[in-house]
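The block underneath contains the structure these notes are about, expressed in structure tokens.
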Amino acid sequence: MPKQILSFTVNGDKVDLLVPPYVTLLDALRDEAGLTGPKEGCGTGDCGACTVHLDGKPVASCLVLALQARGRSVRTIEGLGTATALHPLQDAFVRHGVPQCGFCIPGVLMAAAALLEEHAAPTEEQIRYGIAGNLCRCTGYTKMVAAITEAAGMIKKGAAR
Amino acid sequence: MRRFEMILPSSVDECVKALATHGAGAKTVAGGTDLLPQMKNGLVKPAVVVDLGGIAALKGVTNGAGLRVGACATARELELHPEVRKRYTALADGAALVGSVQVRNLATVGGNLCNAAPSADMAPPLMALEAEAVIAGPKGERRVPLSAFFTGVRQTAPPVPPEAGLYVSGGSYIRHTPRRELDIAVVGVASQVTVQNGRCVKARIALASVAPTPVHATAAERALEGQPLTPERIEQAAGLAVEAAKPISDQRGSADFRRHLVRVLTRRTLTAALARARA
């Protein structure tokens with residue numbers, strides 16, 4: 001099976017990867033692009049640990065064939081913020097001590113970021129619905145909801161400034 | 001996942017051709033939310049995967065005289081579409097129940113229906129709305145009411161039904177005129193035949209311009225029904241059709257010429273109708 005060139009945008013950069021047709025977007029990102037933020041939990045789209053944005057929308061990257069991302073734009077947790085300039089969600093997650101084992105966190109943050117792009121001031125119900133596709137085996141949902149609520153407020157204040 | 005080759009068509013025609021070429025070894029992928037878990041678990045092992053993502057005609061939701069939902073429209077699109085929420089609310093309800101938001105941004109209505117799980121959440125709303133599926137195949141498109149679309153667990157109606165055991169129909173109308181356009185028929189003949197297992201189960205032949213009204217060639221019809229439509233049988237029917245003609249002679253043609261035309265055009269239209277039934 002010959003490898004094919006996958007040309008797409010990853011975290012704002014044009015990227016060409018050489019991938020076989022039978023690998024997922026998640027595997028291409030992790031193994032070929034070196035972006036290990038997205039995680040494989042279940043591999044069947046149930047846990048949300050592999051969540052990335054595809055053309056701005058959160059998707060389970062373990063269910064996308066790499067070549068299906070051709071010409072499209074992908075954003076991973078690596079493109080959300082940097083170590084010196086955290087995204088307000090990352091900042092709030094740190095201050096609330098949300099991560100326990102941490103495995104689910106990149107996926108939760110990407111789901112939450114998509115949620116806040118759609119609802120600038122989400123209700124608790126909207127937040128819980130927005131991260132319903134992300135499983136946390138440590139069951140740290142309460143702090144997630146608090147941190148996301150606070151981050152929404154921070155983004156709103158930042159925009160007002 | 002087992003290894004496979006991927007084909008990336010940019011039109012429905014290209015996709016249909018790829019599927020015809022690779023047969024049972026090929027699978028289509030749209031959102032992948034049903035197919036990928038099945039492939040990862042080894043439940044399906046395609047040699048070829050055909051990606052529908054590059055086919056613009058399959059995307060989107062358009063609202064005009066009724067709702068047209070592209071096979072690759074996502075559950076999330078339907079869940080959020082203002083017109084679907086307002087006028088096709090049951091469909092928006094069903095779409096919103098598929099998986100999580102990460103799954104709904106991938107999962108398509110076409111995939112939900114074609115996967116044909118008994119639990120498919122978008123199927124009951126679409127059945128209640130009396131939706132029709134437009135199915136493309138090598139022999140063209142056909143429309144199937146959703147109530148007839150599902151034929152079993154993970155089984156759906158084929159693009160064009162196989163010929164054996166099923167009725168197929170074809171028809172043809174030919175008229176004779178001195179000029180091709182803007183003229184009046186010297187004789188016109190329409191034939192419609194229905195064939196099952198190679199035999200004609202119904203034949204209707206109607207003649208124009210050979211009597212005071214358009215007339216059926218009933219003797220010819222009876223001669224065909226129950227018979228295989230061989231060239232000899234068609235020739236015999238063409239001869240019998242002449243019996244139904246009671247033409248006059250006028251400036252457009254003599255009665256004899258008209259009788260001759262009935263025979264010729266009956267043969268031609270029956271032959272064309274049979275070919276169309278088989279097409």
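By order of appearance in the structure tokens: chains A, B, ..., then residues from 1 within every chain, and ligands from 1 in the order shown.
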Let's see if you can do this: from backbone DSSP, list all helix (DSSP H, G or I) residues in stretch 79-133 of chain A, as a PyMOL selection string.
chain A and resi 79+88-95+105-118+124-130
Output the selection as a PDB file, in the first residue's frame - C-alpha atoms for each residue.
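See part.pdb below for the written result:
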```
ATOM      1  CA  GLY A  79      -2.265  25.135  19.077  1.00  0.00           C
ATOM      2  CA  PRO A  88      -7.687  31.302  29.493  1.00  0.00           C
ATOM      3  CA  LEU A  89      -9.121  27.765  29.704  1.00  0.00           C
ATOM      4  CA  GLN A  90      -5.672  26.285  30.402  1.00  0.00           C
ATOM      5  CA  ASP A  91      -5.013  29.034  32.934  1.00  0.00           C
ATOM      6  CA  ALA A  92      -8.302  28.330  34.718  1.00  0.00           C
ATOM      7  CA  PHE A  93      -7.686  24.561  34.634  1.00  0.00           C
ATOM      8  CA  VAL A  94      -4.294  25.096  36.331  1.00  0.00           C
ATOM      9  CA  ARG A  95      -5.683  27.422  38.991  1.00  0.00           C
ATOM     10  CA  ILE A 105      -7.456  17.010  29.757  1.00  0.00           C
ATOM     11  CA  PRO A 106      -6.267  17.858  26.207  1.00  0.00           C
ATOM     12  CA  GLY A 107      -9.548  16.514  24.841  1.00  0.00           C
ATOM     13  CA  VAL A 108     -11.634  18.297  27.474  1.00  0.00           C
ATOM     14  CA  LEU A 109      -9.860  21.585  26.754  1.00  0.00           C
ATOM     15  CA  MET A 110     -10.486  21.280  23.017  1.00  0.00           C
ATOM     16  CA  ALA A 111     -14.163  20.466  23.614  1.00  0.00           C
ATOM     17  CA  ALA A 112     -14.427  23.393  26.034  1.00  0.00           C
ATOM     18  CA  ALA A 113     -12.669  25.769  23.612  1.00  0.00           C
ATOM     19  CA  ALA A 114     -15.174  24.843  20.889  1.00  0.00           C
ATOM     20  CA  LEU A 115     -18.020  25.334  23.342  1.00  0.00           C
ATOM     21  CA  LEU A 116     -16.845  28.840  24.282  1.00  0.00           C
ATOM     22  CA  GLU A 117     -16.503  29.781  20.623  1.00  0.00           C
ATOM     23  CA  GLU A 118     -20.177  28.905  20.217  1.00  0.00           C
ATOM     24  CA  GLU A 124     -23.842  25.049  33.535  1.00  0.00           C
ATOM     25  CA  GLU A 125     -26.132  22.808  31.499  1.00  0.00           C
ATOM     26  CA  GLN A 126     -24.532  23.956  28.239  1.00  0.00           C
ATOM     27  CA  ILE A 127     -21.080  23.301  29.703  1.00  0.00           C
ATOM     28  CA  ARG A 128     -22.022  19.811  30.866  1.00  0.00           C
ATOM     29  CA  TYR A 129     -23.598  19.067  27.471  1.00  0.00           C
ATOM     30  CA  GLY A 130     -20.518  20.496  25.696  1.00  0.00           C
TER      31      GLY A 130
END
```
Kindly provide the residues of chain A that approach chain B to within 6 Å, each paired with its closest atom pair and their distance in Å to one decimal, based on only C-alpha atoms, listed by chain and increasing number, as CSV.
```
residue,atom,partner,partner_atom,distance
A:Pro21,CA,B:Met6,CA,5.8
A:Tyr22,CA,B:Arg3,CA,5.7
A:Thr44,CA,B:Pro37,CA,5.3
A:Pro58,CA,B:Gln102,CA,5.2
A:Val59,CA,B:Gln102,CA,3.9
A:Ala60,CA,B:Gln102,CA,5.2
A:Leu63,CA,B:Thr33,CA,5.7
A:Gly133,CA,B:Ser100,CA,4.7
```
Exercise: stretch 1-15 of chain A partners within 12 Å, only C-alpha atoms, chain neighbours under 2 positions left out, as a ChimeraX atom specification
/A:17-25,28-29,32-35,52-56,65-82 /B:2-8,47-48
Where in stretch 56-100 of chain A does DSSP assign strand (DSSP E or B), given as a ChimeraX atom specification?
/A:57-60,65,73-75
Write out as a count of residues only the residues lying within 10 Å of B:Thr156, counting only C-alpha atoms and excluding same-chain residues fewer than 2 positions away.
14
What does the distance from atom CA of A:Leu86 to atom CA of A:Gly102 come to in Å, to one decimal?
16.4 Å
Polymer residues at most 7 Å from stretch 183-194 of chain B, only C-alpha atoms, same-chain spacing of 6 or more positions, as a PyMOL selection string
chain B and resi 167-177+200-210+252-253+258+261-262+265-266+269-270+273-274
Coordinates-based distance that separates atom CA of B:Thr218 from atom CA of B:Arg259 (Å, one decimal)
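Calculated distance between atom CA of B:Arg259 and atom CA of B:Thr218 is 15.7 Å.
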Interatomic distance, atom CA of A:Gly48 to atom CA of B:Ser119 (Å, one decimal):
22.2 Å
